[in-house]
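Listing of input.cif, mmCIF, C-alpha atoms
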data_start
#
loop_
_atom_site.label_atom_id
_atom_site.label_comp_id
_atom_site.auth_asym_id
_atom_site.auth_seq_id
_atom_site.Cartn_x
_atom_site.Cartn_y
_atom_site.Cartn_z
CA MET A 57 15.08 47.11 11.12
CA ALA A 58 14.72 46.34 14.85
CA PHE A 59 16.64 48.46 17.32
CA LEU A 60 17.52 45.41 19.44
CA GLN A 61 17.31 41.96 17.88
CA LEU A 62 17.74 38.54 19.51
CA LYS A 63 17.89 35.58 17.12
CA SER A 64 17.67 31.98 18.38
CA VAL A 65 19.54 32.79 21.59
CA GLY A 66 20.28 29.82 23.83
CA GLN A 67 22.37 29.29 26.95
CA THR A 68 23.61 25.95 28.25
CA TYR A 69 25.80 25.46 31.30
CA PHE A 70 28.19 22.52 31.18
CA SER A 71 29.77 20.55 33.99
CA LYS A 72 31.80 17.33 33.88
CA GLN A 73 28.67 15.22 34.29
CA THR A 74 25.77 17.32 32.97
CA ALA A 75 24.60 19.98 30.57
CA THR A 76 21.83 22.27 31.82
CA THR A 77 19.97 24.42 29.32
CA ALA A 78 18.87 27.69 30.90
CA LEU A 79 17.51 29.37 27.75
CA GLU A 80 16.39 27.95 24.45
CA ASP A 81 15.54 29.55 21.10
CA ILE A 82 14.85 33.10 22.31
CA THR A 83 13.93 35.24 19.32
CA LEU A 84 12.53 38.73 19.85
CA SER A 85 12.97 42.34 18.81
CA VAL A 86 12.66 45.61 20.72
CA SER A 87 11.86 48.91 19.02
CA GLU A 88 13.64 52.14 19.83
CA GLY A 89 11.93 53.94 22.71
CA GLU A 90 10.01 50.82 23.77
CA PHE A 91 9.77 49.65 27.39
CA VAL A 92 9.66 45.84 27.58
CA SER A 93 9.40 43.68 30.71
CA PHE A 94 10.63 40.11 31.14
CA LEU A 95 8.32 38.28 33.55
CA GLY A 96 8.28 34.69 34.72
CA PRO A 97 8.91 32.28 37.59
CA SER A 98 12.29 31.91 39.26
CA GLY A 99 14.69 29.89 37.16
CA CYS A 100 13.25 30.87 33.79
CA GLY A 101 16.46 32.65 32.74
CA LYS A 102 15.30 36.28 32.79
CA SER A 103 18.44 37.66 34.42
CA THR A 104 20.63 35.36 32.35
CA LEU A 105 19.09 36.78 29.20
CA LEU A 106 19.64 40.32 30.47
CA SER A 107 23.32 39.49 31.07
CA ILE A 108 23.57 38.20 27.49
CA ILE A 109 22.01 41.40 26.11
CA ALA A 110 24.44 43.42 28.24
CA GLY A 111 27.38 41.53 26.75
CA LEU A 112 28.39 40.16 30.14
CA LEU A 113 27.70 36.58 29.06
CA ARG A 114 28.27 34.96 25.67
CA PRO A 115 25.26 32.91 24.52
CA THR A 116 25.87 29.27 23.67
CA SER A 117 23.89 29.81 20.48
CA GLY A 118 22.29 32.68 18.58
CA THR A 119 23.10 36.37 18.34
CA VAL A 120 22.18 39.70 19.93
CA THR A 121 22.46 42.86 17.83
CA LEU A 122 21.99 46.51 18.78
CA ARG A 123 21.54 48.76 15.76
CA ASN A 124 22.85 45.84 13.64
CA GLN A 125 26.04 45.60 15.72
CA ILE A 126 26.60 42.18 17.32
CA ILE A 127 26.97 42.41 21.10
CA LYS A 128 29.88 40.25 22.26
CA GLU A 129 31.10 42.21 25.29
CA PRO A 130 29.97 45.07 27.55
CA HIS A 131 29.11 48.07 25.42
CA ALA A 132 29.24 51.78 26.31
CA LYS A 133 25.77 52.28 24.86
CA ILE A 134 24.16 49.68 27.13
CA GLY A 135 23.31 50.85 30.66
CA TYR A 136 22.73 48.32 33.45
CA MET A 137 20.87 49.09 36.69
CA LEU A 138 20.68 46.38 39.36
CA GLN A 139 18.71 45.63 42.52
CA GLN A 140 21.53 47.08 44.62
CA ASP A 141 22.81 50.56 43.84
CA TYR A 142 26.53 49.63 44.15
CA LEU A 143 27.51 53.20 44.96
CA PHE A 144 31.05 53.58 46.25
CA PRO A 145 30.64 54.39 49.97
CA TRP A 146 33.91 56.35 50.18
CA LYS A 147 32.97 58.65 47.28
CA THR A 148 30.61 61.60 47.42
CA ILE A 149 27.40 61.48 45.41
CA LYS A 150 28.99 63.88 42.92
CA ASP A 151 31.94 61.53 42.41
CA ASN A 152 29.65 58.50 42.19
CA ILE A 153 27.52 59.90 39.38
CA MET A 154 30.66 60.74 37.39
CA VAL A 155 32.13 57.21 37.55
CA GLY A 156 30.83 56.09 34.15
CA LEU A 157 31.91 59.29 32.46
CA LYS A 158 35.41 58.93 33.91
CA LEU A 159 35.67 55.31 32.77
CA GLN A 160 34.65 56.34 29.25
CA ASN A 161 36.91 59.40 29.32
CA CYS A 162 33.89 61.63 28.66
CA LEU A 163 34.19 64.21 31.43
CA THR A 164 33.36 67.15 29.19
CA LYS A 165 31.54 70.23 30.45
CA GLU A 166 28.53 69.25 28.36
CA ARG A 167 28.31 65.77 29.92
CA ILE A 168 28.90 67.09 33.44
CA ASP A 169 26.20 69.75 33.02
CA TYR A 170 23.83 67.10 31.65
CA THR A 171 24.48 64.86 34.66
CA PHE A 172 23.85 67.70 37.09
CA SER A 173 20.61 68.50 35.24
CA LEU A 174 19.50 64.89 35.75
CA MET A 175 20.18 65.21 39.47
CA LYS A 176 18.00 68.32 39.51
CA GLU A 177 15.25 66.51 37.60
CA ILE A 178 15.06 63.77 40.21
CA GLY A 179 15.25 66.22 43.11
CA LEU A 180 18.68 65.31 44.47
CA HIS A 181 20.82 68.24 43.32
CA ASP A 182 21.39 69.23 46.96
CA THR A 183 23.00 65.87 47.87
CA LEU A 184 26.13 66.17 45.68
CA ASP A 185 28.50 66.64 48.62
CA GLN A 186 26.94 63.90 50.72
CA TYR A 187 27.95 60.23 50.93
CA PRO A 188 25.75 57.20 50.11
CA SER A 189 25.38 56.32 53.81
CA GLU A 190 23.57 59.64 54.33
CA LEU A 191 20.86 58.79 51.77
CA SER A 192 17.84 56.47 51.96
CA GLY A 193 17.57 53.37 49.80
CA GLY A 194 15.22 55.09 47.36
CA MET A 195 17.50 58.09 47.08
CA ARG A 196 20.50 55.87 46.39
CA GLN A 197 18.60 54.10 43.61
CA ARG A 198 17.80 57.48 42.08
CA VAL A 199 21.49 58.31 42.17
CA ALA A 200 22.23 54.96 40.51
CA LEU A 201 19.73 55.86 37.77
CA VAL A 202 21.51 59.18 37.13
CA ARG A 203 24.90 57.44 37.07
CA THR A 204 23.53 55.05 34.43
CA LEU A 205 21.87 57.75 32.32
CA ALA A 206 24.90 60.09 32.54
CA THR A 207 26.72 58.13 29.82
CA SER A 208 23.69 58.45 27.48
CA PRO A 209 23.16 54.71 26.90
CA GLN A 210 21.03 53.74 23.91
CA ILE A 211 19.27 51.07 25.97
CA LEU A 212 18.78 50.66 29.71
CA LEU A 213 18.66 47.20 31.32
CA LEU A 214 16.87 47.10 34.69
CA ASP A 215 17.33 43.95 36.79
CA GLU A 216 14.72 44.16 39.58
CA PRO A 217 15.89 47.65 40.59
CA PHE A 218 12.97 48.28 42.98
CA SER A 219 12.67 44.90 44.73
CA ALA A 220 14.72 45.89 47.82
CA LEU A 221 12.63 49.00 48.50
CA ASP A 222 9.54 49.46 50.65
CA PHE A 223 6.28 49.54 48.70
CA GLN A 224 5.64 53.28 48.91
CA THR A 225 9.19 54.14 47.78
CA LYS A 226 8.94 51.53 45.04
CA LEU A 227 5.77 53.11 43.63
CA LYS A 228 7.31 56.58 43.67
CA LEU A 229 10.47 55.35 41.98
CA GLU A 230 8.48 53.51 39.30
CA ASP A 231 6.86 56.83 38.35
CA LEU A 232 10.20 58.63 38.38
CA VAL A 233 11.99 56.05 36.24
CA ALA A 234 9.12 55.76 33.77
CA SER A 235 8.80 59.53 33.31
CA THR A 236 12.57 60.08 33.11
CA LEU A 237 13.07 57.38 30.48
CA SER A 238 10.09 58.65 28.48
CA GLU A 239 11.30 62.26 28.56
CA HIS A 240 14.74 61.20 27.33
CA GLY A 241 13.38 58.75 24.73
CA LYS A 242 15.21 55.76 26.20
CA THR A 243 14.66 52.11 25.33
CA ALA A 244 14.43 49.86 28.39
CA ILE A 245 14.13 46.21 29.39
CA LEU A 246 12.95 45.41 32.92
CA VAL A 247 13.39 42.04 34.62
CA THR A 248 10.85 41.58 37.40
CA HIS A 249 8.84 39.01 39.37
CA ASP A 250 6.15 41.63 40.03
CA ILE A 251 3.18 41.33 37.65
CA GLY A 252 1.82 44.73 38.68
CA GLU A 253 5.13 46.46 38.12
CA ALA A 254 5.45 44.96 34.65
CA ILE A 255 1.92 46.04 33.66
CA ALA A 256 2.24 49.55 35.09
CA MET A 257 5.61 50.33 33.47
CA SER A 258 5.67 48.49 30.15
CA ASP A 259 4.61 48.79 26.55
CA ARG A 260 4.93 45.03 26.20
CA ILE A 261 5.39 42.09 28.58
CA ILE A 262 7.21 38.91 27.61
CA LEU A 263 6.28 35.95 29.79
CA PHE A 264 8.83 33.14 30.10
CA SER A 265 8.34 29.47 30.91
CA THR A 266 10.96 27.31 32.62
CA LYS A 267 13.09 24.19 32.12
CA PRO A 268 14.47 25.54 29.85
CA GLY A 269 13.54 29.22 29.65
CA ARG A 270 11.45 29.95 26.56
CA ILE A 271 9.10 32.72 25.49
CA PHE A 272 5.69 31.47 26.60
CA ARG A 273 3.51 34.39 25.60
CA THR A 274 3.72 38.11 24.79
CA PHE A 275 1.24 40.63 26.20
CA PRO A 276 0.91 44.07 24.58
CA VAL A 277 -0.12 46.63 27.20
CA SER A 278 -3.19 48.68 26.28
CA GLY A 279 -2.84 52.32 25.31
CA HIS A 280 -5.06 53.27 28.25
CA LEU A 281 -2.29 52.10 30.57
CA ARG A 282 0.74 53.10 28.52
CA LYS A 283 -0.22 56.78 28.43
CA ARG A 284 -0.39 56.92 32.23
CA LEU A 285 2.34 56.99 34.86
CA PRO A 286 2.65 53.65 36.70
CA PHE A 287 0.78 54.76 39.83
CA GLU A 288 -2.16 56.03 37.75
CA ALA A 289 -2.09 52.92 35.55
CA ARG A 290 -2.63 50.74 38.62
CA GLN A 291 -5.98 52.47 39.21
CA HIS A 292 -7.33 51.81 35.68
CA PRO A 293 -9.82 48.94 35.05
CA ASP A 294 -7.57 47.52 32.29
CA TYR A 295 -4.86 46.95 34.90
CA SER A 296 -6.95 44.47 36.91
CA VAL A 297 -8.07 42.61 33.79
CA MET A 298 -4.50 42.22 32.54
CA PHE A 299 -3.23 41.25 35.99
CA GLN A 300 -5.74 38.39 36.08
CA GLN A 301 -4.78 37.21 32.58
CA ILE A 302 -1.07 37.08 33.39
CA TRP A 303 -1.70 35.51 36.78
CA GLU A 304 -3.61 32.66 35.11
CA GLU A 305 -0.82 32.15 32.57
CA LEU A 306 1.77 31.98 35.38
CA GLU A 307 -0.38 29.43 37.17
CA GLN A 308 -0.39 27.32 34.01
CA ILE A 309 3.40 27.53 33.75
CA GLU A 310 3.79 26.42 37.36
CA GLN A 311 1.36 23.53 36.85
CA ASN A 312 3.34 22.41 33.80
CA ASP A 313 6.55 22.50 35.87
CA THR A 314 5.09 20.14 38.49
CA GLU A 315 3.70 17.60 36.01
#
I'd like the structure from this file rewritten - as C-alpha cells, please.
Amino acid sequence: MAFLQLKSVGQTYFSKQTATTALEDITLSVSEGEFVSFLGPSGCGKSTLLSIIAGLLRPTSGTVTLRNQIIKEPHAKIGYMLQQDYLFPWKTIKDNIMVGLKLQNCLTKERIDYTFSLMKEIGLHDTLDQYPSELSGGMRQRVALVRTLATSPQILLLDEPFSALDFQTKLKLEDLVASTLSEHGKTAILVTHDIGEAIAMSDRIILFSTKPGRIFRTFPVSGHLRKRLPFEARQHPDYSVMFQQIWEELEQIEQNDTE
C-alpha cells in the first residue's frame, strides 16, 4: 500500500461567469522515504496540488490519503516549508523553533532535546538567543527547516524553499536538506521551477502540463545521481543528459500551450 496516494484529484475554481480547471485527474503515489519533485511551467497547478496534499485546500474531485487516512484538513504529520521562512521577528530563534511543538502541546523534554540536536546538526546551535533579523536568509531557512522537522512530520512538503536565496547559498542548503531528510528517513515532495534542483535532489520527477494541470511525464532519477548529494550529482554525466531530456519536454509543453 502506498504511503501517500492521490486518486483522480481535480481542482476547479468557480466564479459567477466562469469555471477554471486548475488540475485534472491527478493520480499518483509516493513511497515512504521517497523524495519526489513536481516540475512544470507556471500555471500548471504545482503549488495548488501541494496545498491539497497539505489539507489546506479541498479538491473539487478525488481523494488524498496518507497511510490510508483521507486528508481533509491540515494534519500534524504533514510539514510545510515555504519560499519565505515566516519566522516571528519578535521571538528568539529558540522560541521560533518551538512554535510547532507548542501548538501541538508536545513540549516534552524528549522533543525539546531532539529539536536542539537538529539545530546542532545544521550548525546553528549557537544562534538560539538571537533574533531572525540577526541571521542571513540561508540561516533563517535552516531554522525554518528545524521548526518543521521538530514536530516529526511523516511527510515534508517543500514549496520552492530555495528560490529566494543566492545561488551559492541555495546549493549549500540543497545538500543540507537532502542529507538531513535522508538521515531521518523523511518522505518529501518539492515544488520547483528549477530543472537542475529537481534532478539533483529527487528520486523521481513528475512533470506537469498546463491548461489544465495534468501529469505529462514521470522521470525516475538514476541511481548514480540518487546516491550522491545534490552538489555532487550536478557534476555527474547523467545529470546533463537528464537535464536535456526534461528541457526538451518542457519546450514541447510550452509549444502545445501556444498552439
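Here CA of Ser64 (chain A) and CA of Ser85 (chain A) stand 11.4 Å from one another.
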TODO: Point out the residue among A:Ser192, A:Thr83, A:Ser107, A:Gln291 with the least atom-to-atom distance to Thr225 (chain A), counting only C-alpha atoms.
DONE: A:Ser192
Open item on the list: Which residues are close to Arg114 (chain A), i.e. within 12 Å by all atoms listed in the file, leaving aside same-chain residues fewer than 4 positions away? Reply as a PyMOL selection string.
Closed with: chain A and resi 65-69+104-110+118-120+126-130
TODO: Name every residue that the PyMOL selection byres ((chain A and resi 267) around 8) selects in this structure, writing the answer as a list in words with chains first and numbers rising.
DONE: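 Taken on the displayed file, the PyMOL selection byres ((chain A and resi 267) around 8) yields the residues Thr77, Ala78, Gly99, Cys100, Ser265, Thr266, Pro268, Gly269 and Asp313 of chain A.
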- [ ] Let me know the residues the PyMOL selection byres ((chain A and resi 181-184) around 12) catches in the file above, as an MDAnalysis selection string.
- [x] chainID A and resid 147:154 169 171:180 185:192 195:196 198:199 202
- [ ] Kindly give the distance, in Å, that separates CA of Val247 (chain A) and CA of Leu84 (chain A), rounded to a single decimal.
- [x] 15.2 Å
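Here CA of Ala75 (chain A) stands at a distance of 20.5 Å from CA of Leu112 (chain A).
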Task: Top pick for closest residue to Gly89 (chain A), considering A:Arg167, A:Arg273, A:His240, A:Arg282 and counting all atoms listed in the file - done: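 Nearest to Gly89 (chain A): A:His240.
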Task: Pick from A:Ala206, A:Leu201, A:Leu122, A:Ile245 nearest to Leu157 (chain A), counting all atoms listed in the file - done: A:Ala206
- [ ] Identify which of the residues A:Val155, A:Ile271, A:Leu138, A:Val233 lies closest to Glu253 (chain A), counting all atoms listed in the file when measuring atom-to-atom distances.
- [x] A:Val233
Task: Near-Gln139 (chain A) list (12 Å; only C-alpha atoms; drop same-chain fewer than 3 positions) as a PyMOL selection string - done: chain A and resi 103+136+142-143+193-194+196-198+200-201+213-221+226+246-248
TODO: Name the residues, using the chain letters and numbers of the file, that sit within 10 Å of (9.0, 55.2, 31.2) when counting all atoms listed in the file, and give them as a ChimeraX atom specification.
DONE: /A:89-91,230-244,256-259,282-286
- [ ] Name every residue that the PyMOL selection byres ((chain A and resi 309) around 10) selects in this structure, writing the answer as a PyMOL selection string with chains first and numbers rising.
- [x] chain A and resi 96-97+263-266+272+303-308+310-314
TODO: Quick one: everything within 9 Å of Ser98 (chain A), counting all atoms listed in the file, minus sequence neighbours fewer than 3 positions away in the same chain. Send it as JSON, numbers by chain.
DONE: {"A": [101, 102, 249, 266]}
Open item on the list: Applying 10 Å and all atoms listed in the file, which residues near Pro276 (chain A) remain after dropping the ones on its own chain fewer than 3 positions away? List them as a PyMOL selection string.
Closed with: chain A and resi 92+255+258-262+279+282+298
Open item on the list: When you count all atoms listed in the file, which of these residues is closest to Asn124 (chain A): A:Leu281, A:Phe70, A:Phe275, A:Gln61?
Closed with: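 Checking each candidate against Asn124 (chain A), we get A:Gln61 as the closest.
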- [ ] Give the answer as one residue: which of A:Gln73, A:Gln301, A:Thr274, A:Gln224 has the shortest atom-to-atom distance to Ser93 (chain A), using only C-alpha atoms?
- [x]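 Ranking A:Gln73, A:Gln301, A:Thr274, A:Gln224 by distance to Ser93 (chain A), first place goes to A:Thr274.
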Task: Expected answer as an MDAnalysis selection string: all residues with atoms within 7 Å of (18.4, 46.8, 18.9), only C-alpha atoms - done: chainID A and resid 58:61 86:87 121:124
Start from the incomplete input, build N, CA and C atoms for region 195-228 of chain A, and deliver everything as a PDB file, in the coordinates of the input.
ATOM      1  N   MET A 195      16.648  57.018  47.590  1.00  0.00           N
ATOM      2  CA  MET A 195      17.500  58.090  47.080  1.00  0.00           C
ATOM      3  C   MET A 195      18.746  57.529  46.408  1.00  0.00           C
ATOM      4  N   ARG A 196      19.306  56.484  46.994  1.00  0.00           N
ATOM      5  CA  ARG A 196      20.500  55.870  46.390  1.00  0.00           C
ATOM      6  C   ARG A 196      20.170  55.253  45.035  1.00  0.00           C
ATOM      7  N   GLN A 197      18.982  54.661  44.904  1.00  0.00           N
ATOM      8  CA  GLN A 197      18.600  54.100  43.610  1.00  0.00           C
ATOM      9  C   GLN A 197      18.397  55.198  42.573  1.00  0.00           C
ATOM     10  N   ARG A 198      17.917  56.344  43.002  1.00  0.00           N
ATOM     11  CA  ARG A 198      17.800  57.480  42.080  1.00  0.00           C
ATOM     12  C   ARG A 198      19.172  57.951  41.615  1.00  0.00           C
ATOM     13  N   VAL A 199      20.122  57.960  42.540  1.00  0.00           N
ATOM     14  CA  VAL A 199      21.490  58.310  42.170  1.00  0.00           C
ATOM     15  C   VAL A 199      22.050  57.295  41.181  1.00  0.00           C
ATOM     16  N   ALA A 200      21.766  56.008  41.420  1.00  0.00           N
ATOM     17  CA  ALA A 200      22.230  54.960  40.510  1.00  0.00           C
ATOM     18  C   ALA A 200      21.627  55.146  39.109  1.00  0.00           C
ATOM     19  N   LEU A 201      20.376  55.599  39.065  1.00  0.00           N
ATOM     20  CA  LEU A 201      19.730  55.860  37.770  1.00  0.00           C
ATOM     21  C   LEU A 201      20.457  56.988  37.037  1.00  0.00           C
ATOM     22  N   VAL A 202      20.778  58.062  37.747  1.00  0.00           N
ATOM     23  CA  VAL A 202      21.510  59.180  37.130  1.00  0.00           C
ATOM     24  C   VAL A 202      22.873  58.718  36.646  1.00  0.00           C
ATOM     25  N   ARG A 203      23.582  57.950  37.469  1.00  0.00           N
ATOM     26  CA  ARG A 203      24.900  57.440  37.070  1.00  0.00           C
ATOM     27  C   ARG A 203      24.797  56.634  35.773  1.00  0.00           C
ATOM     28  N   THR A 204      23.722  55.864  35.638  1.00  0.00           N
ATOM     29  CA  THR A 204      23.530  55.050  34.430  1.00  0.00           C
ATOM     30  C   THR A 204      23.183  55.915  33.232  1.00  0.00           C
ATOM     31  N   LEU A 205      22.301  56.904  33.424  1.00  0.00           N
ATOM     32  CA  LEU A 205      21.870  57.750  32.320  1.00  0.00           C
ATOM     33  C   LEU A 205      22.941  58.769  31.906  1.00  0.00           C
ATOM     34  N   ALA A 206      23.884  59.054  32.803  1.00  0.00           N
ATOM     35  CA  ALA A 206      24.900  60.090  32.540  1.00  0.00           C
ATOM     36  C   ALA A 206      25.711  59.791  31.278  1.00  0.00           C
ATOM     37  N   THR A 207      25.911  58.510  30.981  1.00  0.00           N
ATOM     38  CA  THR A 207      26.720  58.130  29.820  1.00  0.00           C
ATOM     39  C   THR A 207      25.892  58.070  28.532  1.00  0.00           C
ATOM     40  N   SER A 208      24.608  58.467  28.632  1.00  0.00           N
ATOM     41  CA  SER A 208      23.690  58.450  27.480  1.00  0.00           C
ATOM     42  C   SER A 208      23.623  57.093  26.784  1.00  0.00           C
ATOM     43  N   PRO A 209      23.285  56.026  27.534  1.00  0.00           N
ATOM     44  CA  PRO A 209      23.160  54.710  26.900  1.00  0.00           C
ATOM     45  C   PRO A 209      21.999  54.698  25.910  1.00  0.00           C
ATOM     46  N   GLN A 210      22.118  53.873  24.881  1.00  0.00           N
ATOM     47  CA  GLN A 210      21.030  53.740  23.910  1.00  0.00           C
ATOM     48  C   GLN A 210      19.914  52.870  24.460  1.00  0.00           C
ATOM     49  N   ILE A 211      20.270  51.957  25.366  1.00  0.00           N
ATOM     50  CA  ILE A 211      19.270  51.070  25.970  1.00  0.00           C
ATOM     51  C   ILE A 211      19.618  50.882  27.438  1.00  0.00           C
ATOM     52  N   LEU A 212      18.589  50.809  28.268  1.00  0.00           N
ATOM     53  CA  LEU A 212      18.780  50.660  29.710  1.00  0.00           C
ATOM     54  C   LEU A 212      18.220  49.298  30.136  1.00  0.00           C
ATOM     55  N   LEU A 213      19.055  48.513  30.817  1.00  0.00           N
ATOM     56  CA  LEU A 213      18.660  47.200  31.320  1.00  0.00           C
ATOM     57  C   LEU A 213      18.447  47.308  32.826  1.00  0.00           C
ATOM     58  N   LEU A 214      17.266  46.933  33.280  1.00  0.00           N
ATOM     59  CA  LEU A 214      16.870  47.100  34.690  1.00  0.00           C
ATOM     60  C   LEU A 214      16.605  45.721  35.292  1.00  0.00           C
ATOM     61  N   ASP A 215      17.477  45.273  36.191  1.00  0.00           N
ATOM     62  CA  ASP A 215      17.330  43.950  36.790  1.00  0.00           C
ATOM     63  C   ASP A 215      16.759  44.077  38.200  1.00  0.00           C
ATOM     64  N   GLU A 216      15.444  44.031  38.314  1.00  0.00           N
ATOM     65  CA  GLU A 216      14.720  44.160  39.580  1.00  0.00           C
ATOM     66  C   GLU A 216      15.227  45.321  40.428  1.00  0.00           C
ATOM     67  N   PRO A 217      15.271  46.526  39.870  1.00  0.00           N
ATOM     68  CA  PRO A 217      15.890  47.650  40.590  1.00  0.00           C
ATOM     69  C   PRO A 217      15.082  48.159  41.772  1.00  0.00           C
ATOM     70  N   PHE A 218      13.804  47.749  41.894  1.00  0.00           N
ATOM     71  CA  PHE A 218      12.970  48.280  42.980  1.00  0.00           C
ATOM     72  C   PHE A 218      12.655  47.232  44.048  1.00  0.00           C
ATOM     73  N   SER A 219      13.127  46.007  43.872  1.00  0.00           N
ATOM     74  CA  SER A 219      12.670  44.900  44.730  1.00  0.00           C
ATOM     75  C   SER A 219      13.139  45.017  46.180  1.00  0.00           C
ATOM     76  N   ALA A 220      14.217  45.767  46.443  1.00  0.00           N
ATOM     77  CA  ALA A 220      14.720  45.890  47.820  1.00  0.00           C
ATOM     78  C   ALA A 220      14.106  47.071  48.560  1.00  0.00           C
ATOM     79  N   LEU A 221      13.191  47.795  47.912  1.00  0.00           N
ATOM     80  CA  LEU A 221      12.630  49.000  48.500  1.00  0.00           C
ATOM     81  C   LEU A 221      11.269  48.728  49.134  1.00  0.00           C
ATOM     82  N   ASP A 222      10.883  49.568  50.104  1.00  0.00           N
ATOM     83  CA  ASP A 222       9.540  49.460  50.650  1.00  0.00           C
ATOM     84  C   ASP A 222       8.525  49.853  49.579  1.00  0.00           C
ATOM     85  N   PHE A 223       7.278  49.429  49.775  1.00  0.00           N
ATOM     86  CA  PHE A 223       6.280  49.540  48.700  1.00  0.00           C
ATOM     87  C   PHE A 223       6.023  50.981  48.283  1.00  0.00           C
ATOM     88  N   GLN A 224       5.923  51.888  49.248  1.00  0.00           N
ATOM     89  CA  GLN A 224       5.640  53.280  48.910  1.00  0.00           C
ATOM     90  C   GLN A 224       6.786  53.890  48.105  1.00  0.00           C
ATOM     91  N   THR A 225       8.029  53.627  48.518  1.00  0.00           N
ATOM     92  CA  THR A 225       9.190  54.140  47.780  1.00  0.00           C
ATOM     93  C   THR A 225       9.251  53.517  46.394  1.00  0.00           C
ATOM     94  N   LYS A 226       8.945  52.240  46.316  1.00  0.00           N
ATOM     95  CA  LYS A 226       8.940  51.530  45.040  1.00  0.00           C
ATOM     96  C   LYS A 226       7.971  52.177  44.049  1.00  0.00           C
ATOM     97  N   LEU A 227       6.760  52.494  44.514  1.00  0.00           N
ATOM     98  CA  LEU A 227       5.770  53.110  43.630  1.00  0.00           C
ATOM     99  C   LEU A 227       6.229  54.480  43.145  1.00  0.00           C
ATOM    100  N   LYS A 228       6.824  55.257  44.052  1.00  0.00           N
ATOM    101  CA  LYS A 228       7.310  56.580  43.670  1.00  0.00           C
ATOM    102  C   LYS A 228       8.453  56.472  42.649  1.00  0.00           C
TER     103      LYS A 228
END
